[in-house]
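Enquirer: Starting off with a structure, shown below.
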Amino acid sequence: MLKLTLVTVGKIKESFFREAIAEYSKRISRFAHLQVLEAADEKTPDGASAAEEDKIRETEGKRILQKIPDGAYVITLEIEGRQMDSVSLSRLIDTREREGKSHLVFVIGGSLGLSPDVIRRADYHLSFGPMTFPHQLMRVMLMEQLYRAFKIQAGQPYHK
């Protein structure tokens, strides 16, 4: 069975996000083994300099990289990444699995984005569009799209 790991920065604070994540986790479990790993986020001081922001990204990046196992196929979520529709995401997952990539890791950065080291580690850079989303909401959106991708692969109906 395909193994999916979501590596995210920060914890989910709102109960409605936690409930949605729990529901999608349950749905995804019929198709893949899912694990969510949270890396601690760094507090960004008001008026932080560019150097301070770089240091925060670097610290969070080291925490992210420690959670990525060797041999995993890494997909980072980035505004500058490649946009695709749900069917294309389903094909991407299916293709990686057929190529023998049995462990896919999706990475969601913190409020300042991802460090250059994490971006370099990625095998694929995925974008949900040019808009910025809170990382807590992004986790729910990613999980919904992963569930949708598995439904598409299974030839089961999904809402368009």
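Chain identifiers are assigned as A, B, and so on, following the order in which chains appear in the structure tokens; residues are numbered from 1 within each chain, and ligands are numbered from 1 in order of appearance.
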When you look at stretch 20-32 of chain A with a cut-off of 8 Å (counting only C-alpha atoms), what residues show up, excluding the ones that are within fewer than 3 positions of it in the same chain? I need them as an MDAnalysis selection string.

Expert: chainID A and resid 1:4 16:17 139:140 143:144 146:147 150

Enquirer: Output the selection as an mmCIF file, in the first residue's frame - C-alpha atoms for each residue.

Expert:
```cif
data_model
loop_
_atom_site.group_PDB
_atom_site.id
_atom_site.type_symbol
_atom_site.label_atom_id
_atom_site.label_comp_id
_atom_site.auth_asym_id
_atom_site.auth_seq_id
_atom_site.Cartn_x
_atom_site.Cartn_y
_atom_site.Cartn_z
ATOM 1 C CA MET A 1 0.000 0.000 0.000
ATOM 2 C CA LEU A 2 1.251 3.466 -0.880
ATOM 3 C CA LYS A 3 2.606 5.442 2.044
ATOM 4 C CA LEU A 4 1.820 9.163 2.229
ATOM 5 C CA PHE A 16 -13.011 22.739 12.641
ATOM 6 C CA PHE A 17 -9.715 22.219 10.796
ATOM 7 C CA ARG A 139 -3.412 21.050 4.990
ATOM 8 C CA VAL A 140 -7.169 20.523 4.657
ATOM 9 C CA MET A 143 -5.893 16.242 2.031
ATOM 10 C CA GLU A 144 -9.124 16.832 0.111
ATOM 11 C CA LEU A 146 -5.342 13.610 -2.185
ATOM 12 C CA TYR A 147 -8.632 11.920 -1.366
ATOM 13 C CA PHE A 150 -7.497 8.333 -5.034
#
```

Enquirer: Within 12 Å of A:Thr95, counting only C-alpha atoms, which residues qualify if same-chain residues fewer than 4 places away don't, as a short mmCIF file (atom, residue, chain, number, x, y, z; two decimals) with N, CA and C atoms, in the first residue's frame?

Expert:
```cif
data_model
loop_
_atom_site.label_atom_id
_atom_site.label_comp_id
_atom_site.auth_asym_id
_atom_site.auth_seq_id
_atom_site.Cartn_x
_atom_site.Cartn_y
_atom_site.Cartn_z
N LEU A 2 0.52 2.21 -0.79
CA LEU A 2 1.25 3.47 -0.88
C LEU A 2 1.31 4.14 0.48
N TYR A 73 9.82 10.20 -2.28
CA TYR A 73 9.58 11.16 -3.36
C TYR A 73 8.92 12.37 -2.72
N SER A 88 -4.78 15.50 -13.05
CA SER A 88 -3.32 15.47 -13.22
C SER A 88 -2.62 15.08 -11.93
N LEU A 89 -3.12 15.55 -10.79
CA LEU A 89 -2.53 15.14 -9.51
C LEU A 89 -2.71 13.63 -9.32
N SER A 90 -3.87 13.13 -9.66
CA SER A 90 -4.12 11.70 -9.57
C SER A 90 -3.13 10.92 -10.44
N ARG A 91 -2.91 11.40 -11.64
CA ARG A 91 -1.95 10.75 -12.55
C ARG A 91 -0.53 10.81 -12.00
N GLU A 99 6.19 3.67 -10.83
CA GLU A 99 7.65 3.73 -10.96
C GLU A 99 8.36 3.15 -9.74
N GLY A 100 7.58 2.70 -8.76
CA GLY A 100 8.18 2.11 -7.57
C GLY A 100 8.39 3.07 -6.42
N LYS A 101 7.87 4.26 -6.55
CA LYS A 101 7.96 5.23 -5.45
C LYS A 101 6.82 4.93 -4.48
N SER A 102 7.11 4.14 -3.47
CA SER A 102 6.05 3.69 -2.56
C SER A 102 5.83 4.64 -1.39
N LEU A 104 5.43 8.75 -0.74
CA LEU A 104 5.36 10.15 -1.19
C LEU A 104 5.26 11.04 0.03
N GLN A 153 -8.39 7.67 -9.30
CA GLN A 153 -7.63 6.46 -9.64
C GLN A 153 -8.50 5.21 -9.57
#
```

Enquirer: Of the residues A:Thr44, A:Gln35, A:Ser115, A:Thr5, which is the one nearest to A:Thr59, using only C-alpha atoms?

Expert: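 Residue with the minimum atom-to-atom distance to A:Thr59: A:Ser115.
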
Enquirer: Measuring between only C-alpha atoms, which one of A:Ala149, A:Glu19, A:Lys67, A:Leu112 shows the shortest distance to A:Pro134?

Expert: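 Going through A:Ala149, A:Glu19, A:Lys67, A:Leu112 one by one, the smallest distance to A:Pro134 is for A:Leu112.
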
Enquirer: Check the smallest atom-to-atom distance from each of A:Asp54, A:Glu78, A:Asp85, A:Glu97 to A:His135 using only C-alpha atoms, then report the winner.

Expert: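 Comparing A:Asp54, A:Glu78, A:Asp85, A:Glu97 against A:His135, the winner is A:Glu78.
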
Enquirer: List every residue of stretch 3-159 of chain A that DSSP, applied to the backbone of this structure, places in strand (DSSP E or B), and write the result as a count of residues only.

Expert: 37

Enquirer: Applying 9 Å and only C-alpha atoms, which residues near A:Lys11 remain after dropping the ones on its own chain fewer than 4 positions away? List them as a list in words.

Expert: Glu38, Ala39, Ala40, Asp41 and Gln136 of chain A

Enquirer: Interatomic distance between atom CA of A:Val105 and atom CA of A:Thr76?

Expert: 8.2 Å

Enquirer: Which of these residues is nearest to A:Gln83, using only C-alpha atoms: A:Ile12, A:Leu142, A:Pro130, A:Gln156?

Expert: A:Pro130

Enquirer: Among stretch 84-127 of chain A, which ones does DSSP assign to alpha helix (DSSP H) (computed from the backbone)? Answer as a list in words.

Expert: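 Selecting the alpha helix (DSSP H) positions of stretch 84-127 of chain A gives Ser86, Val87, Ser88, Leu89, Ser90, Arg91, Leu92, Ile93, Asp94, Thr95, Arg96, Glu97, Arg98, Pro116, Asp117, Val118, Ile119, Arg120 and Arg121 of chain A.
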